[in-house]
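Chemist: Here you go, data.json (JSON, C-alpha atoms):
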[["chain", "number", "residue", "atom", "x", "y", "z"],
["A", 1, "MET", "CA", 29.17, 17.85, -18.31],
["A", 2, "GLU", "CA", 26.32, 19.52, -16.52],
["A", 3, "LYS", "CA", 23.14, 17.85, -15.32],
["A", 4, "HIS", "CA", 19.89, 19.05, -16.83],
["A", 5, "VAL", "CA", 16.37, 18.11, -15.79],
["A", 6, "LEU", "CA", 13.77, 17.81, -18.52],
["A", 7, "SER", "CA", 10.07, 17.45, -17.80],
["A", 8, "VAL", "CA", 8.20, 16.02, -20.75],
["A", 9, "LEU", "CA", 4.40, 15.92, -20.96],
["A", 10, "VAL", "CA", 3.32, 13.08, -23.23],
["A", 11, "GLU", "CA", 0.07, 11.59, -24.42],
["A", 12, "ASN", "CA", -0.69, 8.52, -22.40],
["A", 13, "GLN", "CA", -0.50, 6.05, -25.26],
["A", 14, "SER", "CA", 0.93, 2.63, -24.83],
["A", 15, "GLY", "CA", 4.27, 2.77, -26.60],
["A", 16, "VAL", "CA", 5.25, 6.34, -25.76],
["A", 17, "LEU", "CA", 7.92, 5.19, -23.29],
["A", 18, "SER", "CA", 9.22, 2.81, -25.93],
["A", 19, "ARG", "CA", 9.46, 5.62, -28.48],
["A", 20, "MET", "CA", 11.31, 7.85, -26.02],
["A", 21, "ALA", "CA", 13.56, 4.95, -25.10],
["A", 22, "GLY", "CA", 14.20, 4.30, -28.78],
["A", 23, "LEU", "CA", 15.24, 7.92, -29.32],
["A", 24, "ILE", "CA", 17.61, 7.87, -26.32],
["A", 25, "SER", "CA", 19.04, 4.57, -27.48],
["A", 26, "ARG", "CA", 19.60, 5.61, -31.13],
["A", 27, "ARG", "CA", 21.16, 8.96, -30.25],
["A", 28, "GLY", "CA", 23.21, 7.61, -27.34],
["A", 29, "TYR", "CA", 22.15, 10.33, -24.91],
["A", 30, "ASN", "CA", 23.84, 10.19, -21.53],
["A", 31, "ILE", "CA", 20.86, 9.65, -19.22],
["A", 32, "ASP", "CA", 21.33, 9.69, -15.42],
["A", 33, "SER", "CA", 17.74, 8.83, -14.65],
["A", 34, "LEU", "CA", 14.33, 8.57, -16.19],
["A", 35, "SER", "CA", 11.05, 8.23, -14.39],
["A", 36, "VAL", "CA", 7.53, 8.36, -15.69],
["A", 37, "GLY", "CA", 4.07, 8.42, -14.16],
["A", 38, "GLU", "CA", 0.52, 9.67, -14.49],
["A", 39, "THR", "CA", -0.42, 13.34, -14.22],
["A", 40, "GLU", "CA", -3.39, 15.42, -13.10],
["A", 41, "ASP", "CA", -5.06, 14.43, -16.38],
["A", 42, "ALA", "CA", -5.51, 10.72, -17.16],
["A", 43, "ALA", "CA", -4.84, 11.40, -20.84],
["A", 44, "PHE", "CA", -1.23, 12.45, -20.16],
["A", 45, "SER", "CA", 1.92, 11.16, -18.47],
["A", 46, "ARG", "CA", 4.88, 13.21, -17.33],
["A", 47, "MET", "CA", 8.45, 11.97, -17.78],
["A", 48, "THR", "CA", 11.38, 13.39, -15.85],
["A", 49, "ILE", "CA", 14.70, 12.87, -17.59],
["A", 50, "VAL", "CA", 18.05, 13.80, -16.03],
["A", 51, "VAL", "CA", 20.71, 14.10, -18.70],
["A", 52, "ARG", "CA", 24.38, 15.08, -18.63],
["A", 53, "SER", "CA", 25.21, 17.18, -21.63],
["A", 54, "ASP", "CA", 26.67, 20.42, -22.86],
["A", 55, "GLN", "CA", 24.33, 23.17, -24.00],
["A", 56, "GLN", "CA", 24.54, 22.25, -27.68],
["A", 57, "MET", "CA", 23.65, 18.59, -27.17],
["A", 58, "LEU", "CA", 20.83, 19.59, -24.80],
["A", 59, "GLU", "CA", 19.26, 21.85, -27.42],
["A", 60, "GLN", "CA", 19.52, 19.08, -30.01],
["A", 61, "MET", "CA", 17.95, 16.60, -27.61],
["A", 62, "LYS", "CA", 15.05, 18.95, -26.80],
["A", 63, "LYS", "CA", 14.43, 19.36, -30.52],
["A", 64, "GLN", "CA", 14.43, 15.60, -31.12],
["A", 65, "ILE", "CA", 12.10, 14.94, -28.19],
["A", 66, "ARG", "CA", 9.71, 17.67, -29.36],
["A", 67, "LYS", "CA", 9.42, 15.85, -32.69],
["A", 68, "LEU", "CA", 8.12, 12.62, -31.13],
["A", 69, "VAL", "CA", 4.44, 12.28, -32.02],
["A", 70, "ASP", "CA", 3.16, 11.84, -28.46],
["A", 71, "VAL", "CA", 5.07, 14.75, -26.93],
["A", 72, "VAL", "CA", 2.84, 17.66, -25.91],
["A", 73, "LYS", "CA", 5.33, 19.88, -24.09],
["A", 74, "ILE", "CA", 8.94, 19.84, -22.95],
["A", 75, "THR", "CA", 10.26, 22.07, -20.16],
["A", 76, "GLU", "CA", 13.74, 22.37, -18.72],
["A", 77, "LEU", "CA", 13.39, 22.63, -14.93],
["A", 78, "LYS", "CA", 16.30, 24.63, -13.52],
["A", 79, "SER", "CA", 17.15, 24.18, -9.84],
["A", 80, "THR", "CA", 16.45, 27.80, -8.95],
["A", 81, "HIS", "CA", 12.84, 27.62, -10.12],
["A", 82, "SER", "CA", 11.98, 24.02, -9.38],
["A", 83, "ILE", "CA", 11.39, 21.45, -6.70],
["A", 84, "TYR", "CA", 13.52, 18.34, -7.17],
["A", 85, "ARG", "CA", 12.59, 15.19, -5.29],
["A", 86, "GLU", "CA", 13.76, 11.62, -5.19],
["A", 87, "LEU", "CA", 12.74, 8.59, -3.14],
["A", 88, "VAL", "CA", 15.17, 6.03, -1.77],
["A", 89, "LEU", "CA", 14.37, 2.70, -0.11],
["A", 90, "ALA", "CA", 17.20, 1.15, 1.88],
["A", 91, "LYS", "CA", 17.68, -1.87, 4.10],
["A", 92, "VAL", "CA", 19.80, -0.59, 6.96],
["A", 93, "ARG", "CA", 21.51, -3.01, 9.34],
["A", 94, "VAL", "CA", 20.43, -2.59, 12.99],
["A", 95, "PRO", "CA", 23.06, -3.46, 15.59],
["A", 96, "GLU", "CA", 21.14, -4.73, 18.66],
["A", 97, "ASP", "CA", 22.75, -2.20, 20.99],
["A", 98, "LYS", "CA", 22.10, 0.77, 18.65],
["A", 99, "ARG", "CA", 18.48, 0.14, 17.73],
["A", 100, "VAL", "CA", 17.09, 3.19, 19.54],
["A", 101, "VAL", "CA", 19.94, 5.46, 18.42],
["A", 102, "LEU", "CA", 19.30, 4.47, 14.82],
["A", 103, "GLU", "CA", 15.51, 4.90, 15.13],
["A", 104, "ASN", "CA", 16.02, 8.40, 16.52],
["A", 105, "LEU", "CA", 18.54, 9.29, 13.81],
["A", 106, "ILE", "CA", 16.14, 8.18, 11.07],
["A", 107, "MET", "CA", 13.28, 10.16, 12.66],
["A", 108, "SER", "CA", 15.42, 13.27, 13.07],
["A", 109, "MET", "CA", 16.22, 13.10, 9.33],
["A", 110, "LYS", "CA", 12.47, 12.69, 8.61],
["A", 111, "GLY", "CA", 13.09, 9.26, 7.21],
["A", 112, "ARG", "CA", 10.42, 6.60, 7.72],
["A", 113, "ILE", "CA", 10.86, 3.04, 8.83],
["A", 114, "VAL", "CA", 8.46, 1.20, 6.50],
["A", 115, "ASP", "CA", 9.30, -2.34, 7.59],
["A", 116, "MET", "CA", 10.93, -3.65, 10.74],
["A", 117, "SER", "CA", 9.56, -7.18, 10.58],
["A", 118, "ASN", "CA", 12.97, -8.66, 9.91],
["A", 119, "GLN", "CA", 15.56, -9.25, 12.55],
["A", 120, "GLY", "CA", 18.72, -7.39, 11.84],
["A", 121, "TYR", "CA", 17.58, -4.58, 9.55],
["A", 122, "PHE", "CA", 15.05, -1.81, 8.97],
["A", 123, "THR", "CA", 13.66, -0.95, 5.57],
["A", 124, "VAL", "CA", 13.75, 2.84, 5.48],
["A", 125, "GLU", "CA", 12.14, 5.31, 3.11],
["A", 126, "PHE", "CA", 13.69, 8.71, 2.59],
["A", 127, "THR", "CA", 12.79, 11.57, 0.25],
["A", 128, "GLY", "CA", 14.58, 14.78, -0.56],
["A", 129, "ASP", "CA", 16.58, 16.64, -3.14],
["A", 130, "GLN", "CA", 19.91, 15.28, -4.32],
["A", 131, "ASP", "CA", 21.94, 16.79, -1.44],
["A", 132, "GLN", "CA", 19.53, 15.58, 1.23],
["A", 133, "ILE", "CA", 19.51, 12.07, -0.22],
["A", 134, "GLU", "CA", 23.32, 12.02, -0.24],
["A", 135, "SER", "CA", 23.44, 13.20, 3.39],
["A", 136, "PHE", "CA", 20.97, 10.53, 4.43],
["A", 137, "ILE", "CA", 22.94, 7.78, 2.71],
["A", 138, "ASP", "CA", 26.18, 9.05, 4.29],
["A", 139, "LEU", "CA", 24.59, 8.82, 7.73],
["A", 140, "MET", "CA", 23.26, 5.30, 7.16],
["A", 141, "HIS", "CA", 26.51, 3.97, 5.70],
["A", 142, "PRO", "CA", 28.30, 3.31, 9.00],
["A", 143, "TYR", "CA", 25.43, 0.97, 10.03],
["A", 144, "GLY", "CA", 25.63, -0.94, 6.76],
["A", 145, "ILE", "CA", 23.26, -0.62, 3.80],
["A", 146, "LEU", "CA", 22.32, -4.13, 2.71],
["A", 147, "GLU", "CA", 20.25, -3.15, -0.30],
["A", 148, "MET", "CA", 19.11, 0.16, -1.78],
["A", 149, "VAL", "CA", 16.94, 1.38, -4.62],
["A", 150, "ARG", "CA", 16.30, 4.94, -5.85],
["A", 151, "THR", "CA", 13.54, 6.27, -8.09],
["A", 152, "GLY", "CA", 15.62, 8.82, -9.94],
["A", 153, "MET", "CA", 14.73, 12.47, -9.66],
["A", 154, "THR", "CA", 11.31, 13.90, -10.30],
["A", 155, "ALA", "CA", 10.53, 17.62, -10.43],
["A", 156, "LEU", "CA", 7.91, 20.32, -10.72],
["A", 157, "GLY", "CA", 8.37, 23.99, -11.57],
["A", 158, "LYS", "CA", 7.74, 26.28, -8.59],
["A", 159, "PHE", "CA", 5.41, 28.57, -10.47],
["A", 160, "SER", "CA", 2.24, 27.98, -12.40],
["A", 161, "ALA", "CA", 2.55, 25.69, -15.40],
["B", 1, "MET", "CA", -3.10, -8.22, -18.30],
["B", 2, "GLU", "CA", -1.47, -8.40, -14.92],
["B", 3, "LYS", "CA", 1.11, -5.98, -13.56],
["B", 4, "HIS", "CA", 4.52, -7.39, -12.74],
["B", 5, "VAL", "CA", 7.37, -5.62, -10.98],
["B", 6, "LEU", "CA", 10.89, -6.45, -12.11],
["B", 7, "SER", "CA", 13.97, -5.31, -10.23],
["B", 8, "VAL", "CA", 17.06, -5.39, -12.39],
["B", 9, "LEU", "CA", 20.56, -4.95, -11.03],
["B", 10, "VAL", "CA", 22.85, -3.57, -13.75],
["B", 11, "GLU", "CA", 26.44, -2.53, -14.06],
["B", 12, "ASN", "CA", 26.66, 1.21, -13.80],
["B", 13, "GLN", "CA", 27.95, 1.83, -17.30],
["B", 14, "SER", "CA", 26.87, 4.79, -19.32],
["B", 15, "GLY", "CA", 24.60, 3.36, -21.96],
["B", 16, "VAL", "CA", 22.95, 0.63, -19.91],
["B", 17, "LEU", "CA", 19.66, 2.55, -19.74],
["B", 18, "SER", "CA", 19.85, 3.06, -23.48],
["B", 19, "ARG", "CA", 20.35, -0.66, -24.08],
["B", 20, "MET", "CA", 17.41, -1.52, -21.83],
["B", 21, "ALA", "CA", 15.35, 1.15, -23.57],
["B", 22, "GLY", "CA", 16.37, -0.26, -26.93],
["B", 23, "LEU", "CA", 15.23, -3.75, -25.92],
["B", 24, "ILE", "CA", 11.85, -2.46, -24.67],
["B", 25, "SER", "CA", 11.44, -0.42, -27.83],
["B", 26, "ARG", "CA", 12.32, -3.24, -30.26],
["B", 27, "ARG", "CA", 10.15, -5.83, -28.53],
["B", 28, "GLY", "CA", 7.26, -3.44, -27.89],
["B", 29, "TYR", "CA", 6.87, -4.39, -24.22],
["B", 30, "ASN", "CA", 3.98, -2.73, -22.47],
["B", 31, "ILE", "CA", 5.77, -0.72, -19.77],
["B", 32, "ASP", "CA", 3.78, 1.13, -17.08],
["B", 33, "SER", "CA", 6.78, 2.71, -15.46],
["B", 34, "LEU", "CA", 10.53, 2.54, -15.32],
["B", 35, "SER", "CA", 12.79, 4.15, -12.79],
["B", 36, "VAL", "CA", 16.49, 3.82, -12.25],
["B", 37, "GLY", "CA", 18.96, 4.96, -9.62],
["B", 38, "GLU", "CA", 22.16, 4.16, -7.77],
["B", 39, "THR", "CA", 22.45, 1.29, -5.29],
["B", 40, "GLU", "CA", 24.40, 0.45, -2.15],
["B", 41, "ASP", "CA", 27.39, -0.19, -4.42],
["B", 42, "ALA", "CA", 28.57, 2.62, -6.73],
["B", 43, "ALA", "CA", 29.41, 0.08, -9.43],
["B", 44, "PHE", "CA", 25.74, -0.91, -9.88],
["B", 45, "SER", "CA", 22.36, 0.66, -10.57],
["B", 46, "ARG", "CA", 18.97, -0.85, -9.87],
["B", 47, "MET", "CA", 16.08, -0.46, -12.34],
["B", 48, "THR", "CA", 12.47, -1.02, -11.37],
["B", 49, "ILE", "CA", 10.26, -1.87, -14.33],
["B", 50, "VAL", "CA", 6.48, -2.28, -14.07],
["B", 51, "VAL", "CA", 5.15, -4.22, -17.02],
["B", 52, "ARG", "CA", 1.69, -5.46, -17.99],
["B", 53, "SER", "CA", 1.94, -8.89, -19.50],
["B", 54, "ASP", "CA", 0.74, -12.44, -19.37],
["B", 55, "GLN", "CA", 3.00, -15.09, -17.85],
["B", 56, "GLN", "CA", 4.43, -16.21, -21.18],
["B", 57, "MET", "CA", 5.47, -12.73, -22.31],
["B", 58, "LEU", "CA", 6.90, -12.03, -18.84],
["B", 59, "GLU", "CA", 9.13, -15.11, -19.01],
["B", 60, "GLN", "CA", 10.31, -14.11, -22.49],
["B", 61, "MET", "CA", 11.03, -10.57, -21.30],
["B", 62, "LYS", "CA", 13.02, -11.79, -18.28],
["B", 63, "LYS", "CA", 15.07, -13.99, -20.61],
["B", 64, "GLN", "CA", 15.77, -11.10, -23.00],
["B", 65, "ILE", "CA", 16.75, -8.76, -20.16],
["B", 66, "ARG", "CA", 19.06, -11.39, -18.66],
["B", 67, "LYS", "CA", 20.93, -11.51, -21.98],
["B", 68, "LEU", "CA", 21.84, -7.81, -21.90],
["B", 69, "VAL", "CA", 25.57, -7.51, -21.24],
["B", 70, "ASP", "CA", 25.30, -5.18, -18.25],
["B", 71, "VAL", "CA", 22.59, -7.09, -16.40],
["B", 72, "VAL", "CA", 23.83, -8.78, -13.22],
["B", 73, "LYS", "CA", 20.56, -10.03, -11.74],
["B", 74, "ILE", "CA", 16.84, -9.85, -12.39],
["B", 75, "THR", "CA", 14.21, -10.48, -9.70],
["B", 76, "GLU", "CA", 10.44, -10.42, -9.91],
["B", 77, "LEU", "CA", 9.17, -8.65, -6.79],
["B", 78, "LYS", "CA", 5.70, -9.98, -5.91],
["B", 79, "SER", "CA", 3.48, -7.81, -3.74],
["B", 80, "THR", "CA", 3.28, -10.35, -0.91],
["B", 81, "HIS", "CA", 7.05, -10.36, -0.39],
["B", 82, "SER", "CA", 7.97, -6.80, -1.32],
["B", 83, "ILE", "CA", 7.69, -3.18, -0.38],
["B", 84, "TYR", "CA", 6.34, -1.03, -3.20],
["B", 85, "ARG", "CA", 6.78, 2.72, -3.00],
["B", 86, "GLU", "CA", 6.11, 5.67, -5.26],
["B", 87, "LEU", "CA", 6.55, 9.41, -4.84],
["B", 88, "VAL", "CA", 4.10, 11.99, -6.12],
["B", 89, "LEU", "CA", 4.54, 15.77, -6.26],
["B", 90, "ALA", "CA", 1.35, 17.76, -6.73],
["B", 91, "LYS", "CA", 0.35, 21.41, -6.81],
["B", 92, "VAL", "CA", -2.89, 21.54, -4.88],
["B", 93, "ARG", "CA", -5.13, 24.60, -5.02],
["B", 94, "VAL", "CA", -5.72, 26.25, -1.62],
["B", 95, "PRO", "CA", -9.06, 27.98, -1.18],
["B", 96, "GLU", "CA", -8.45, 30.88, 1.26],
["B", 97, "ASP", "CA", -11.16, 29.72, 3.65],
["B", 98, "LYS", "CA", -9.97, 26.09, 3.68],
["B", 99, "ARG", "CA", -6.25, 26.58, 4.16],
["B", 100, "VAL", "CA", -6.11, 25.08, 7.66],
["B", 101, "VAL", "CA", -8.49, 22.24, 6.79],
["B", 102, "LEU", "CA", -6.30, 21.31, 3.83],
["B", 103, "GLU", "CA", -3.07, 21.56, 5.86],
["B", 104, "ASN", "CA", -4.54, 19.23, 8.48],
["B", 105, "LEU", "CA", -5.79, 16.81, 5.86],
["B", 106, "ILE", "CA", -2.35, 16.62, 4.23],
["B", 107, "MET", "CA", -0.68, 16.09, 7.61],
["B", 108, "SER", "CA", -3.16, 13.40, 8.64],
["B", 109, "MET", "CA", -2.30, 11.55, 5.40],
["B", 110, "LYS", "CA", 1.42, 11.96, 6.22],
["B", 111, "GLY", "CA", 1.87, 14.08, 3.14],
["B", 112, "ARG", "CA", 4.38, 16.94, 3.27],
["B", 113, "ILE", "CA", 3.96, 20.48, 2.09],
["B", 114, "VAL", "CA", 7.31, 21.14, 0.39],
["B", 115, "ASP", "CA", 6.53, 24.61, -0.95],
["B", 116, "MET", "CA", 3.91, 27.15, 0.08],
["B", 117, "SER", "CA", 5.63, 30.22, -1.28],
["B", 118, "ASN", "CA", 3.01, 30.74, -3.96],
["B", 119, "GLN", "CA", -0.34, 32.26, -3.36],
["B", 120, "GLY", "CA", -3.12, 29.95, -4.23],
["B", 121, "TYR", "CA", -1.48, 26.52, -4.05],
["B", 122, "PHE", "CA", 0.70, 24.17, -2.01],
["B", 123, "THR", "CA", 3.26, 21.87, -3.56],
["B", 124, "VAL", "CA", 2.76, 18.59, -1.72],
["B", 125, "GLU", "CA", 4.90, 15.47, -1.59],
["B", 126, "PHE", "CA", 3.31, 12.13, -0.88],
["B", 127, "THR", "CA", 4.75, 8.61, -0.79],
["B", 128, "GLY", "CA", 3.08, 5.24, -0.51],
["B", 129, "ASP", "CA", 2.12, 2.10, -2.32],
["B", 130, "GLN", "CA", -0.24, 2.25, -5.28],
["B", 131, "ASP", "CA", -3.44, 2.20, -3.18],
["B", 132, "GLN", "CA", -2.23, 4.89, -0.78],
["B", 133, "ILE", "CA", -1.19, 7.12, -3.68],
["B", 134, "GLU", "CA", -4.61, 6.70, -5.30],
["B", 135, "SER", "CA", -6.36, 7.54, -2.01],
["B", 136, "PHE", "CA", -4.24, 10.64, -1.57],
["B", 137, "ILE", "CA", -4.97, 11.86, -5.08],
["B", 138, "ASP", "CA", -8.69, 11.20, -4.61],
["B", 139, "LEU", "CA", -8.67, 13.35, -1.45],
["B", 140, "MET", "CA", -6.80, 16.21, -3.14],
["B", 141, "HIS", "CA", -8.96, 16.19, -6.27],
["B", 142, "PRO", "CA", -11.87, 18.23, -4.88],
["B", 143, "TYR", "CA", -9.43, 21.09, -4.11],
["B", 144, "GLY", "CA", -8.01, 21.03, -7.62],
["B", 145, "ILE", "CA", -4.70, 19.52, -8.71],
["B", 146, "LEU", "CA", -2.97, 22.06, -10.95],
["B", 147, "GLU", "CA", 0.02, 19.93, -11.84],
["B", 148, "MET", "CA", 1.26, 16.50, -10.79],
["B", 149, "VAL", "CA", 4.26, 14.26, -11.40],
["B", 150, "ARG", "CA", 4.91, 10.70, -10.22],
["B", 151, "THR", "CA", 8.16, 8.76, -10.08],
["B", 152, "GLY", "CA", 6.75, 5.38, -11.03],
["B", 153, "MET", "CA", 7.00, 2.53, -8.60],
["B", 154, "THR", "CA", 10.17, 1.40, -6.91],
["B", 155, "ALA", "CA", 10.47, -1.72, -4.79],
["B", 156, "LEU", "CA", 12.64, -3.87, -2.52],
["B", 157, "GLY", "CA", 12.12, -7.46, -1.48],
["B", 158, "LYS", "CA", 11.15, -7.81, 2.19],
["B", 159, "PHE", "CA", 13.76, -10.44, 2.91],
["B", 160, "SER", "CA", 17.49, -10.53, 2.49],
["B", 161, "ALA", "CA", 18.75, -10.18, -1.07]]
Using structure tokens, write down the structure from this file.
Modeler:
Amino acid sequence: MEKHVLSVLVENQSGVLSRMAGLISRRGYNIDSLSVGETEDAAFSRMTIVVRSDQQMLEQMKKQIRKLVDVVKITELKSTHSIYRELVLAKVRVPEDKRVVLENLIMSMKGRIVDMSNQGYFTVEFTGDQDQIESFIDLMHPYGILEMVRTGMTALGKFSA
Amino acid sequence: MEKHVLSVLVENQSGVLSRMAGLISRRGYNIDSLSVGETEDAAFSRMTIVVRSDQQMLEQMKKQIRKLVDVVKITELKSTHSIYRELVLAKVRVPEDKRVVLENLIMSMKGRIVDMSNQGYFTVEFTGDQDQIESFIDLMHPYGILEMVRTGMTALGKFSA
């Protein structure tokens, strides 16, 4: 089933995430990721939901979400017209004799070493679209990824809202 | 009420997000943000949940989460021992006569212009902890933020897992 990215503008009421979560839970939607944060207007939050579904289930889901009381607007953000972005934090093992090689590799990928206070590993931040994130992880793998966390995808349409 | 950051390692089953969402929904927990993504091991996902609660409710919540069938491990990540990170995407208005000033400002903040194909605004990516994100937004505000989305916070402990 195909991945779809939904951007949902909601009123910033306590409980709106719970109501969305309740809907997803009841209907059993197949969610890859969900992230939520503040917007340009303190009264609203924006949720980004990545769902795997066929077209029919997607339309049904959009309809159900639109019905939630706090939902102001729902937009499907297609890859051709959108900017997709995800953040990953990873602890990457640093072999003593490859420290400089690894630092240069991370810099060449535009990753950022956010903590090197521990012997034996760097904590690295990397952002990009899905493909770039996968490439970065593939390059770090040979060194050893001790721990990793990802935010799930967030997105904005390329053109005016 | 204080903010607490919970990092929850879960088995990567379809439906685990729904079960977590169901728990949050039923119990009415006061969630600031929730993000979820893959980990260093394809069999597991890691959720980062930011919740506002007193100590008693937090302990109850941890207990409830631990009971969920797919939950492997739950850790509270305190700010002193953790790296917090969030990603924001924002469309920032570009006044014709301040284009270079704005570009320099974004670069000096280590923000990244990810799209400048539209007349009139940049799409900018910025990452940091909560304070850095707030500072960045404050600096962009005078130019005009047309649209903004945030991933919610993600986090890793500073020391070995």
Chemist: Considering only C-alpha atoms, extract the chain B residues located within 6 Å of chain A and return them as a VMD selection string.
Modeler: chain B and resid 18 21 to 22 25 33 to 37 39 to 40 147 to 152
Chemist: Would you compute the box with edges along x, y and z of the file around segment 136-155 of chain B, including every atom the file lists for it and 4 Å extra on each side, and give its centre and edge lengths in Å to one decimal, as JSON?
Modeler:
{"center_x": -0.7, "center_y": 10.2, "center_z": -6.6, "size_x": 30.3, "size_y": 31.8, "size_z": 18.4}
Chemist: To one decimal place, how far is atom CA of Ile74 of chain B from atom CA of Met1 of chain B in Å?
Modeler: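 For atom CA of Ile74 of chain B relative to atom CA of Met1 of chain B, the distance reads 20.9 Å.
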Chemist: With only C-alpha atoms as the atoms that count, which of A:Val101, A:Met109, A:Ile49, A:Ala42 lies nearest to Gln132 of chain A?
Modeler: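 Comparing A:Val101, A:Met109, A:Ile49, A:Ala42 against Gln132 of chain A, the winner is A:Met109.
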Chemist: Do you have the atom CA of Ile65 of chain A-atom CA of Glu2 of chain A distance handy?
Modeler: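 So the two atoms, atom CA of Ile65 of chain A and atom CA of Glu2 of chain A, lie 19.0 Å apart.
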Chemist: Between B:Phe44, B:Ile106, B:Pro95, B:Asp138, single out the one closest to Lys73 of chain B, counting all atoms listed in the file.
Modeler: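 Once distances to Lys73 of chain B are computed over all atoms listed in the file, the minimum belongs to B:Phe44.
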Chemist: Grab the atom CA of Leu58 of chain A to atom CA of Glu76 of chain A distance for me, in Å with one decimal place.
Modeler: 9.7 Å
Chemist: Could you give me segment 109-121 of chain A completed to N, CA, C and O atoms, formatted as a PDB file, keeping the file's coordinate frame?
Modeler:
ATOM      1  N   MET A 109      15.998  12.776  10.748  1.00  0.00           N
ATOM      2  CA  MET A 109      16.220  13.100   9.330  1.00  0.00           C
ATOM      3  C   MET A 109      14.897  13.131   8.555  1.00  0.00           C
ATOM      4  O   MET A 109      14.882  13.327   7.350  1.00  0.00           O
ATOM      5  N   LYS A 110      13.784  12.846   9.236  1.00  0.00           N
ATOM      6  CA  LYS A 110      12.470  12.690   8.610  1.00  0.00           C
ATOM      7  C   LYS A 110      12.422  11.520   7.633  1.00  0.00           C
ATOM      8  O   LYS A 110      11.703  11.547   6.631  1.00  0.00           O
ATOM      9  N   GLY A 111      13.233  10.528   7.922  1.00  0.00           N
ATOM     10  CA  GLY A 111      13.090   9.260   7.210  1.00  0.00           C
ATOM     11  C   GLY A 111      11.945   8.475   7.834  1.00  0.00           C
ATOM     12  O   GLY A 111      11.439   8.855   8.907  1.00  0.00           O
ATOM     13  N   ARG A 112      11.518   7.417   7.183  1.00  0.00           N
ATOM     14  CA  ARG A 112      10.420   6.600   7.720  1.00  0.00           C
ATOM     15  C   ARG A 112      10.808   5.135   7.683  1.00  0.00           C
ATOM     16  O   ARG A 112      11.254   4.645   6.636  1.00  0.00           O
ATOM     17  N   ILE A 113      10.623   4.478   8.809  1.00  0.00           N
ATOM     18  CA  ILE A 113      10.860   3.040   8.830  1.00  0.00           C
ATOM     19  C   ILE A 113       9.586   2.383   8.290  1.00  0.00           C
ATOM     20  O   ILE A 113       8.534   2.470   8.906  1.00  0.00           O
ATOM     21  N   VAL A 114       9.670   1.753   7.111  1.00  0.00           N
ATOM     22  CA  VAL A 114       8.460   1.200   6.500  1.00  0.00           C
ATOM     23  C   VAL A 114       8.317  -0.295   6.770  1.00  0.00           C
ATOM     24  O   VAL A 114       7.254  -0.862   6.557  1.00  0.00           O
ATOM     25  N   ASP A 115       9.389  -0.918   7.228  1.00  0.00           N
ATOM     26  CA  ASP A 115       9.300  -2.340   7.590  1.00  0.00           C
ATOM     27  C   ASP A 115      10.379  -2.659   8.610  1.00  0.00           C
ATOM     28  O   ASP A 115      11.554  -2.356   8.401  1.00  0.00           O
ATOM     29  N   MET A 116       9.952  -3.230   9.740  1.00  0.00           N
ATOM     30  CA  MET A 116      10.930  -3.650  10.740  1.00  0.00           C
ATOM     31  C   MET A 116      10.627  -5.078  11.158  1.00  0.00           C
ATOM     32  O   MET A 116      10.950  -5.508  12.257  1.00  0.00           O
ATOM     33  N   SER A 117      10.000  -5.817  10.247  1.00  0.00           N
ATOM     34  CA  SER A 117       9.560  -7.180  10.580  1.00  0.00           C
ATOM     35  C   SER A 117      10.724  -8.169  10.559  1.00  0.00           C
ATOM     36  O   SER A 117      10.592  -9.287  11.028  1.00  0.00           O
ATOM     37  N   ASN A 118      11.844  -7.746   9.977  1.00  0.00           N
ATOM     38  CA  ASN A 118      12.970  -8.660   9.910  1.00  0.00           C
ATOM     39  C   ASN A 118      13.984  -8.356  10.999  1.00  0.00           C
ATOM     40  O   ASN A 118      14.280  -7.202  11.288  1.00  0.00           O
ATOM     41  N   GLN A 119      14.496  -9.399  11.572  1.00  0.00           N
ATOM     42  CA  GLN A 119      15.560  -9.250  12.550  1.00  0.00           C
ATOM     43  C   GLN A 119      16.783  -8.724  11.800  1.00  0.00           C
ATOM     44  O   GLN A 119      17.100  -9.169  10.718  1.00  0.00           O
ATOM     45  N   GLY A 120      17.428  -7.771  12.406  1.00  0.00           N
ATOM     46  CA  GLY A 120      18.720  -7.390  11.840  1.00  0.00           C
ATOM     47  C   GLY A 120      18.732  -6.181  10.940  1.00  0.00           C
ATOM     48  O   GLY A 120      19.771  -5.581  10.756  1.00  0.00           O
ATOM     49  N   TYR A 121      17.573  -5.822  10.354  1.00  0.00           N
ATOM     50  CA  TYR A 121      17.580  -4.580   9.550  1.00  0.00           C
ATOM     51  C   TYR A 121      16.207  -3.918   9.485  1.00  0.00           C
ATOM     52  O   TYR A 121      15.176  -4.559   9.643  1.00  0.00           O
TER      53      TYR A 121
END
